[in-house]
file query-v6.txt (compact mmCIF, N, CA and C atoms and all ligand atoms)
# COMPACT_ATOMS: atom_id res chain seq x y z
N MET K 1 -114.00 23.76 -20.59
CA MET K 1 -114.87 24.78 -19.98
C MET K 1 -115.59 24.22 -18.75
N ARG K 2 -116.08 23.00 -18.91
CA ARG K 2 -116.78 22.30 -17.84
C ARG K 2 -115.84 22.06 -16.65
N LYS K 3 -114.56 21.73 -17.00
CA LYS K 3 -113.54 21.47 -15.98
C LYS K 3 -113.28 22.75 -15.16
N LEU K 4 -113.20 23.86 -15.90
CA LEU K 4 -112.96 25.15 -15.25
C LEU K 4 -114.10 25.50 -14.29
N PHE K 5 -115.35 25.19 -14.74
CA PHE K 5 -116.53 25.46 -13.91
C PHE K 5 -116.46 24.65 -12.62
N ILE K 6 -116.10 23.38 -12.73
CA ILE K 6 -116.03 22.50 -11.55
C ILE K 6 -114.96 23.01 -10.58
N ILE K 7 -113.78 23.34 -11.13
CA ILE K 7 -112.68 23.82 -10.27
C ILE K 7 -113.08 25.09 -9.54
N SER K 8 -113.67 26.06 -10.27
CA SER K 8 -114.03 27.32 -9.61
C SER K 8 -115.14 27.12 -8.58
N THR K 9 -116.05 26.16 -8.83
CA THR K 9 -117.10 25.88 -7.85
C THR K 9 -116.49 25.31 -6.57
N VAL K 10 -115.55 24.36 -6.74
CA VAL K 10 -114.89 23.74 -5.58
C VAL K 10 -114.14 24.81 -4.79
N VAL K 11 -113.38 25.66 -5.50
CA VAL K 11 -112.62 26.71 -4.84
C VAL K 11 -113.58 27.64 -4.09
N PHE K 12 -114.72 27.99 -4.71
CA PHE K 12 -115.70 28.87 -4.08
C PHE K 12 -116.20 28.29 -2.77
N TRP K 13 -116.60 27.00 -2.79
CA TRP K 13 -117.16 26.39 -1.58
C TRP K 13 -116.09 26.17 -0.50
N LEU K 14 -114.87 25.93 -0.95
CA LEU K 14 -113.78 25.80 0.03
C LEU K 14 -113.57 27.15 0.74
N ALA K 15 -113.64 28.24 -0.03
CA ALA K 15 -113.49 29.57 0.56
C ALA K 15 -114.61 29.84 1.55
N VAL K 16 -115.86 29.49 1.17
CA VAL K 16 -117.00 29.69 2.07
C VAL K 16 -116.79 28.89 3.36
N ALA K 17 -116.38 27.63 3.20
CA ALA K 17 -116.16 26.79 4.39
C ALA K 17 -115.07 27.38 5.28
N GLY K 18 -114.03 27.90 4.64
CA GLY K 18 -112.93 28.53 5.39
C GLY K 18 -113.41 29.71 6.21
N PHE K 19 -114.23 30.57 5.58
CA PHE K 19 -114.75 31.74 6.30
C PHE K 19 -115.64 31.32 7.47
N ARG K 20 -116.48 30.27 7.22
CA ARG K 20 -117.38 29.79 8.29
C ARG K 20 -116.57 29.26 9.46
N LEU K 21 -115.50 28.53 9.15
CA LEU K 21 -114.65 27.94 10.19
C LEU K 21 -113.96 29.06 11.00
N ALA K 22 -113.45 30.06 10.29
CA ALA K 22 -112.77 31.18 10.97
C ALA K 22 -113.76 31.90 11.88
N ASP K 23 -114.98 32.11 11.38
CA ASP K 23 -116.01 32.79 12.16
C ASP K 23 -116.34 31.99 13.41
N PHE K 24 -116.44 30.64 13.25
CA PHE K 24 -116.74 29.76 14.39
C PHE K 24 -115.65 29.88 15.45
N CYS K 25 -114.38 29.86 15.02
CA CYS K 25 -113.27 29.93 15.97
C CYS K 25 -113.28 31.26 16.72
N ILE K 26 -113.51 32.35 16.00
CA ILE K 26 -113.45 33.68 16.62
C ILE K 26 -114.57 33.84 17.64
N THR K 27 -115.77 33.34 17.31
CA THR K 27 -116.91 33.60 18.20
C THR K 27 -117.05 32.58 19.33
N THR K 28 -116.54 31.36 19.15
CA THR K 28 -116.77 30.36 20.21
C THR K 28 -115.55 30.07 21.08
N ILE K 29 -114.34 30.26 20.59
CA ILE K 29 -113.17 29.97 21.42
C ILE K 29 -112.88 31.20 22.28
N PRO K 30 -113.01 31.08 23.61
CA PRO K 30 -112.82 32.26 24.46
C PRO K 30 -111.38 32.76 24.42
N VAL K 31 -111.26 34.05 24.42
CA VAL K 31 -109.92 34.64 24.47
C VAL K 31 -109.51 34.66 25.93
N THR K 32 -108.47 33.90 26.24
CA THR K 32 -108.06 33.85 27.65
C THR K 32 -107.39 35.17 28.01
N ALA K 33 -107.92 35.77 29.05
CA ALA K 33 -107.38 37.06 29.48
C ALA K 33 -105.97 36.88 30.03
N VAL K 34 -105.06 37.66 29.51
CA VAL K 34 -103.69 37.59 30.00
C VAL K 34 -103.61 38.50 31.23
N SER K 35 -103.44 37.85 32.39
CA SER K 35 -103.43 38.67 33.61
C SER K 35 -102.13 39.45 33.69
N PRO K 36 -102.24 40.75 33.93
CA PRO K 36 -101.03 41.55 34.00
C PRO K 36 -100.19 41.18 35.21
N VAL K 37 -98.89 41.27 35.04
CA VAL K 37 -98.01 40.97 36.17
C VAL K 37 -98.08 42.15 37.13
N VAL K 38 -98.60 41.87 38.32
CA VAL K 38 -98.75 42.97 39.29
C VAL K 38 -97.59 42.92 40.28
N GLU K 39 -96.78 43.95 40.20
CA GLU K 39 -95.66 44.05 41.13
C GLU K 39 -96.20 44.45 42.50
N PRO K 40 -95.70 43.82 43.56
CA PRO K 40 -96.16 44.27 44.87
C PRO K 40 -95.76 45.73 45.08
N ALA K 41 -96.71 46.51 45.53
CA ALA K 41 -96.45 47.94 45.68
C ALA K 41 -95.41 48.17 46.78
N VAL K 42 -94.43 49.00 46.47
CA VAL K 42 -93.42 49.32 47.46
C VAL K 42 -93.88 50.59 48.16
N LYS K 43 -93.94 50.52 49.47
CA LYS K 43 -94.44 51.67 50.21
C LYS K 43 -93.34 52.74 50.33
N GLY K 44 -93.72 53.98 50.16
CA GLY K 44 -92.76 55.08 50.29
C GLY K 44 -93.01 55.85 51.58
N TYR K 45 -91.94 56.21 52.26
CA TYR K 45 -92.06 56.97 53.51
C TYR K 45 -91.24 58.26 53.43
N LEU K 46 -91.79 59.29 54.04
CA LEU K 46 -91.04 60.53 54.19
C LEU K 46 -90.12 60.39 55.40
N LEU K 47 -89.04 61.14 55.38
CA LEU K 47 -88.13 61.10 56.53
C LEU K 47 -88.87 61.52 57.81
N ALA K 48 -89.88 62.41 57.63
CA ALA K 48 -90.67 62.86 58.79
C ALA K 48 -91.43 61.67 59.41
N GLU K 49 -91.85 60.73 58.56
CA GLU K 49 -92.56 59.55 59.08
C GLU K 49 -91.58 58.63 59.81
N VAL K 50 -90.40 58.49 59.23
CA VAL K 50 -89.36 57.67 59.86
C VAL K 50 -89.05 58.24 61.24
N ALA K 51 -89.00 59.57 61.31
CA ALA K 51 -88.67 60.26 62.57
C ALA K 51 -89.66 59.95 63.69
N GLY K 52 -90.87 59.54 63.30
CA GLY K 52 -91.88 59.19 64.30
C GLY K 52 -91.63 57.82 64.94
N HIS K 53 -90.57 57.16 64.52
CA HIS K 53 -90.26 55.82 65.05
C HIS K 53 -88.81 55.84 65.58
N ALA K 54 -88.62 56.61 66.61
CA ALA K 54 -87.25 56.85 67.11
C ALA K 54 -87.04 56.31 68.52
N ARG K 55 -87.73 55.20 68.82
CA ARG K 55 -87.59 54.65 70.18
C ARG K 55 -87.08 53.22 70.13
N GLN K 56 -86.60 52.77 71.27
CA GLN K 56 -86.06 51.41 71.35
C GLN K 56 -87.13 50.37 71.00
N ASN K 57 -88.38 50.64 71.43
CA ASN K 57 -89.44 49.66 71.15
C ASN K 57 -90.21 49.99 69.87
N ASP K 58 -89.68 50.90 69.09
CA ASP K 58 -90.28 51.26 67.79
C ASP K 58 -89.20 52.01 66.99
N CYS K 59 -88.34 51.23 66.35
CA CYS K 59 -87.16 51.83 65.74
C CYS K 59 -87.09 51.61 64.22
N TRP K 60 -87.26 52.71 63.47
CA TRP K 60 -87.10 52.65 62.02
C TRP K 60 -85.83 53.40 61.66
N MET K 61 -85.21 52.96 60.56
CA MET K 61 -84.04 53.70 60.05
C MET K 61 -84.12 53.78 58.54
N ALA K 62 -83.62 54.89 58.00
CA ALA K 62 -83.49 55.02 56.54
C ALA K 62 -82.03 54.78 56.20
N ILE K 63 -81.83 53.73 55.37
CA ILE K 63 -80.46 53.38 55.00
C ILE K 63 -80.40 53.15 53.48
N GLU K 64 -79.50 53.85 52.84
CA GLU K 64 -79.29 53.70 51.38
C GLU K 64 -80.61 53.80 50.60
N GLY K 65 -81.50 54.72 50.99
CA GLY K 65 -82.74 54.94 50.24
C GLY K 65 -83.89 54.01 50.60
N SER K 66 -83.65 53.04 51.48
CA SER K 66 -84.73 52.17 51.93
C SER K 66 -85.05 52.45 53.39
N VAL K 67 -86.25 52.03 53.78
CA VAL K 67 -86.65 52.23 55.18
C VAL K 67 -86.77 50.85 55.85
N TYR K 68 -86.21 50.74 57.04
CA TYR K 68 -86.20 49.47 57.77
C TYR K 68 -86.82 49.65 59.15
N ASP K 69 -87.61 48.66 59.54
CA ASP K 69 -88.12 48.62 60.90
C ASP K 69 -87.29 47.57 61.62
N ILE K 70 -86.31 48.01 62.40
CA ILE K 70 -85.39 47.05 63.02
C ILE K 70 -85.69 46.83 64.50
N THR K 71 -86.92 47.21 64.91
CA THR K 71 -87.30 47.08 66.32
C THR K 71 -86.98 45.69 66.88
N THR K 72 -87.40 44.65 66.16
CA THR K 72 -87.23 43.30 66.71
C THR K 72 -85.78 42.83 66.66
N TYR K 73 -84.97 43.51 65.81
CA TYR K 73 -83.57 43.09 65.72
C TYR K 73 -82.70 43.74 66.79
N LEU K 74 -83.13 44.93 67.24
CA LEU K 74 -82.30 45.70 68.17
C LEU K 74 -81.69 44.88 69.33
N PRO K 75 -82.50 44.04 70.03
CA PRO K 75 -81.91 43.30 71.16
C PRO K 75 -80.79 42.35 70.73
N ASP K 76 -80.76 41.98 69.45
CA ASP K 76 -79.73 41.04 68.97
C ASP K 76 -78.50 41.73 68.38
N HIS K 77 -78.59 43.06 68.24
CA HIS K 77 -77.46 43.75 67.62
C HIS K 77 -76.23 43.64 68.52
N PRO K 78 -75.09 43.27 67.92
CA PRO K 78 -73.91 42.96 68.76
C PRO K 78 -73.21 44.15 69.42
N SER K 79 -73.53 45.38 69.03
CA SER K 79 -72.82 46.50 69.67
C SER K 79 -73.54 46.93 70.95
N GLU K 80 -72.90 47.84 71.70
CA GLU K 80 -73.58 48.43 72.85
C GLU K 80 -74.78 49.20 72.30
N PRO K 81 -75.94 49.16 72.99
CA PRO K 81 -77.14 49.85 72.49
C PRO K 81 -76.90 51.33 72.23
N GLU K 82 -76.01 51.96 73.03
CA GLU K 82 -75.77 53.40 72.86
C GLU K 82 -75.26 53.75 71.47
N LEU K 83 -74.65 52.76 70.80
CA LEU K 83 -74.09 53.04 69.48
C LEU K 83 -75.16 53.06 68.39
N ILE K 84 -76.17 52.22 68.54
CA ILE K 84 -77.17 52.08 67.47
C ILE K 84 -78.45 52.87 67.76
N LEU K 85 -78.84 52.95 69.04
CA LEU K 85 -80.12 53.61 69.38
C LEU K 85 -80.25 55.06 68.87
N PRO K 86 -79.18 55.86 68.91
CA PRO K 86 -79.36 57.24 68.44
C PRO K 86 -79.76 57.33 66.97
N TRP K 87 -79.64 56.24 66.24
CA TRP K 87 -79.96 56.27 64.81
C TRP K 87 -81.40 55.87 64.52
N CYS K 88 -82.13 55.47 65.55
CA CYS K 88 -83.56 55.17 65.33
C CYS K 88 -84.26 56.45 64.92
N GLY K 89 -85.11 56.37 63.89
CA GLY K 89 -85.86 57.53 63.41
C GLY K 89 -85.07 58.45 62.51
N LYS K 90 -83.85 57.99 62.12
CA LYS K 90 -82.99 58.91 61.34
C LYS K 90 -82.54 58.32 60.00
N GLU K 91 -81.93 59.21 59.22
CA GLU K 91 -81.22 58.80 58.01
C GLU K 91 -79.89 58.25 58.50
N ALA K 92 -79.71 56.93 58.43
CA ALA K 92 -78.57 56.30 59.11
C ALA K 92 -77.56 55.66 58.15
N THR K 93 -77.58 56.10 56.89
CA THR K 93 -76.69 55.47 55.90
C THR K 93 -75.22 55.54 56.32
N GLN K 94 -74.81 56.72 56.75
CA GLN K 94 -73.40 56.89 57.10
C GLN K 94 -73.02 56.01 58.28
N ALA K 95 -73.91 55.97 59.29
CA ALA K 95 -73.65 55.14 60.47
C ALA K 95 -73.60 53.66 60.07
N TRP K 96 -74.51 53.27 59.16
CA TRP K 96 -74.54 51.89 58.68
C TRP K 96 -73.24 51.56 57.95
N ARG K 97 -72.78 52.50 57.13
CA ARG K 97 -71.57 52.24 56.34
C ARG K 97 -70.30 52.20 57.20
N THR K 98 -70.32 52.90 58.30
CA THR K 98 -69.07 53.01 59.08
C THR K 98 -69.14 52.36 60.46
N LYS K 99 -70.32 51.99 60.90
CA LYS K 99 -70.56 51.47 62.26
C LYS K 99 -70.06 52.49 63.29
N ASN K 100 -69.99 53.73 62.88
CA ASN K 100 -69.44 54.82 63.71
C ASN K 100 -67.97 54.59 64.03
N LYS K 101 -67.35 53.66 63.32
CA LYS K 101 -65.96 53.32 63.63
C LYS K 101 -65.11 53.24 62.38
N GLY K 102 -65.66 53.64 61.25
CA GLY K 102 -64.89 53.57 60.01
C GLY K 102 -64.78 52.17 59.44
N ARG K 103 -65.65 51.26 59.88
CA ARG K 103 -65.62 49.88 59.35
C ARG K 103 -67.01 49.54 58.80
N THR K 104 -67.05 48.90 57.64
CA THR K 104 -68.36 48.57 57.06
C THR K 104 -68.95 47.30 57.70
N HIS K 105 -70.27 47.18 57.63
CA HIS K 105 -70.90 45.93 58.06
C HIS K 105 -70.56 44.82 57.05
N THR K 106 -70.61 43.60 57.50
CA THR K 106 -70.30 42.46 56.62
C THR K 106 -71.48 42.19 55.67
N SER K 107 -71.25 41.32 54.68
CA SER K 107 -72.34 40.98 53.75
C SER K 107 -73.44 40.21 54.49
N ARG K 108 -73.07 39.52 55.55
CA ARG K 108 -74.10 38.83 56.35
C ARG K 108 -75.05 39.86 56.97
N ALA K 109 -74.47 40.96 57.47
CA ALA K 109 -75.29 42.02 58.04
C ALA K 109 -76.20 42.63 56.96
N ASN K 110 -75.64 42.77 55.75
CA ASN K 110 -76.44 43.29 54.62
C ASN K 110 -77.65 42.40 54.34
N GLN K 111 -77.41 41.08 54.36
CA GLN K 111 -78.51 40.14 54.09
C GLN K 111 -79.56 40.22 55.20
N LEU K 112 -79.06 40.30 56.42
CA LEU K 112 -79.94 40.38 57.59
C LEU K 112 -80.84 41.61 57.49
N LEU K 113 -80.22 42.72 57.10
CA LEU K 113 -80.93 43.99 57.01
C LEU K 113 -82.16 43.87 56.09
N GLU K 114 -82.02 43.13 54.99
CA GLU K 114 -83.12 43.01 54.03
C GLU K 114 -84.39 42.45 54.66
N ASN K 115 -84.24 41.63 55.72
CA ASN K 115 -85.42 41.07 56.39
C ASN K 115 -86.29 42.12 57.04
N TYR K 116 -85.72 43.30 57.24
CA TYR K 116 -86.44 44.33 57.99
C TYR K 116 -86.91 45.48 57.10
N ARG K 117 -86.74 45.33 55.78
CA ARG K 117 -87.10 46.40 54.84
C ARG K 117 -88.62 46.54 54.77
N ILE K 118 -89.11 47.76 55.00
CA ILE K 118 -90.57 47.97 54.93
C ILE K 118 -90.95 48.90 53.78
N GLY K 119 -89.97 49.52 53.13
CA GLY K 119 -90.30 50.41 52.01
C GLY K 119 -89.11 51.24 51.59
N VAL K 120 -89.42 52.29 50.83
CA VAL K 120 -88.35 53.18 50.36
C VAL K 120 -88.58 54.59 50.90
N LEU K 121 -87.50 55.36 50.87
CA LEU K 121 -87.57 56.75 51.30
C LEU K 121 -88.08 57.58 50.13
N ARG K 122 -89.09 58.42 50.38
CA ARG K 122 -89.64 59.27 49.30
C ARG K 122 -88.90 60.59 49.23
C1 LIG T 201 -77.16 52.31 61.53
C2 LIG T 201 -76.70 52.18 62.74
C3 LIG T 201 -75.78 51.06 63.13
C4 LIG T 201 -74.60 51.20 63.77
C5 LIG T 201 -73.99 52.50 64.26
C6 LIG T 201 -74.04 49.88 63.92
C7 LIG T 201 -72.85 49.60 64.55
C8 LIG T 201 -72.32 48.35 64.73
C9 LIG T 201 -71.20 48.02 65.56
C10 LIG T 201 -70.39 49.04 66.37
C11 LIG T 201 -71.02 46.71 65.50
C12 LIG T 201 -70.05 45.82 66.31
C13 LIG T 201 -68.63 46.06 66.09
C14 LIG T 201 -68.13 45.66 64.74
O1 LIG T 201 -68.53 44.59 64.21
O2 LIG T 201 -67.33 46.41 64.20
C15 LIG T 201 -71.99 46.17 64.59
C16 LIG T 201 -72.08 44.87 64.21
C17 LIG T 201 -73.10 44.33 63.51
N1 LIG T 201 -74.22 44.99 63.10
FE1 LIG T 201 -74.55 46.97 63.22
N2 LIG T 201 -74.88 48.97 63.36
C18 LIG T 201 -75.97 49.64 62.88
C19 LIG T 201 -77.08 49.09 62.29
C20 LIG T 201 -77.24 47.75 62.05
C21 LIG T 201 -78.41 47.17 61.47
C22 LIG T 201 -79.64 47.96 61.04
C23 LIG T 201 -78.19 45.84 61.34
C24 LIG T 201 -79.06 44.74 60.80
C25 LIG T 201 -80.38 44.74 60.78
C26 LIG T 201 -76.87 45.58 61.89
C27 LIG T 201 -76.27 44.34 61.94
C28 LIG T 201 -75.03 44.08 62.48
C29 LIG T 201 -74.38 42.79 62.45
C30 LIG T 201 -74.92 41.51 61.85
C31 LIG T 201 -73.17 42.95 63.08
C32 LIG T 201 -72.06 41.86 63.28
C33 LIG T 201 -70.82 42.24 62.45
C34 LIG T 201 -71.11 42.41 60.97
O3 LIG T 201 -71.71 41.50 60.37
O4 LIG T 201 -70.72 43.45 60.41
N3 LIG T 201 -76.34 46.75 62.30
N4 LIG T 201 -72.81 47.18 64.16

call {"tool": "encode", "arguments": {"input": "query-v6.txt", "output": "structure tokens"}}
result
Amino acid sequence: MRKLFIISTVVFWLAVAGFRLADFCITTIPVTAVSPVVEPAVKGYLLAEVAGHARQNDCWMAIEGSVYDITTYLPDHPSEPELILPWCGKEATQAWRTKNKGRTHTSRANQLLENYRIGVLR
């Protein structure tokens, strides 16, 4: 009987100590805030906004659902300017896909294009 009393007393105090320890951990160890992953906002443009950039010194194009500001690239484009300039301010996917000649741009041109992406078409 005495043995049972000692065992239950030890178990009781161990339980009390356990609760105190848990309480200490919960109240004193700060919960580190998990910062949410914030995706950079992708800007959306209406075709009407793209249309406002239809000049040689301010040339945007909508291609495959994205919007590109290719103003600084224009002087480096290998074709005659007359071929590419009419597409400033426009939905130019078809022209991009065919170069107005039924030939697609190379994958290098595709990579280059990504440098000029400013958003998506809404
Ligand atoms: C959407 C209107 C465009 C038209 C009509 C057009 C047309 C052409 C033409 C005629 C050529 C030269 C001839 C040929 O390679 O077959 C060419 C080549 C090229 N264009 Fe364009 N282009 C356009 C937009 C762009 C844009 C936005 C970029 C990049 C920012 C670009 C990058 C290149 C490159 C790198 C070449 C060299 C050949 C190649 O890699 O395909 N073009 N393009």

call {"tool": "residues_near_ligand", "arguments": {"input": "query-v6.txt", "ligand": "ligand LIG 201 (chain T)", "cutoff": "6 Å", "atoms": "only C-alpha atoms and all ligand atoms", "output": "JSON, numbers by chain"}}
result
{"K": [70, 77, 78, 79, 83, 84, 87, 92, 95, 96, 99, 100, 105, 106, 108, 109, 112, 113]}

call {"tool": "closest_residue", "arguments": {"input": "query-v6.txt", "among": "K:Thr72, K:Tyr116, K:Ser66, K:Met61", "to": "Lys90 of chain K", "atoms": "only N, CA and C atoms"}}
result
K:Met61

call {"tool": "residues_around", "arguments": {"input": "query-v6.txt", "residues": "Ile118 of chain K", "least_positions_apart": "6", "cutoff": "10 Å", "atoms": "only C-alpha atoms", "output": "number ranges by chain"}}
result
K: 42-45, 60, 66-70

call {"tool": "atom_distance", "arguments": {"input": "query-v6.txt", "atom1": "atom CA of Leu121 of chain K", "atom2": "atom CA of Glu64 of chain K"}}
result
8.8 Å

call {"tool": "atom_distance", "arguments": {"input": "query-v6.txt", "atom1": "atom N of Ala62 of chain K", "atom2": "atom N of Arg97 of chain K"}}
result
11.1 Å

call {"tool": "closest_residue", "arguments": {"input": "query-v6.txt", "among": "K:Pro36, K:Gly89, K:Asp23, K:Pro75", "to": "Glu49 of chain K", "atoms": "all atoms listed in the file"}}
result
K:Gly89

call {"tool": "select_by_dssp", "arguments": {"input": "query-v6.txt", "residues": "segment 70-112 of chain K", "states": "helix (DSSP H, G or I)", "output": "ChimeraX atom specification"}}
result
/K:74-76,81-87,93-98,107-112

call {"tool": "closest_residue", "arguments": {"input": "query-v6.txt", "among": "K:Thr93, K:Thr71, K:Gln56, K:Thr98", "to": "Asn115 of chain K", "atoms": "only C-alpha atoms"}}
result
K:Thr71
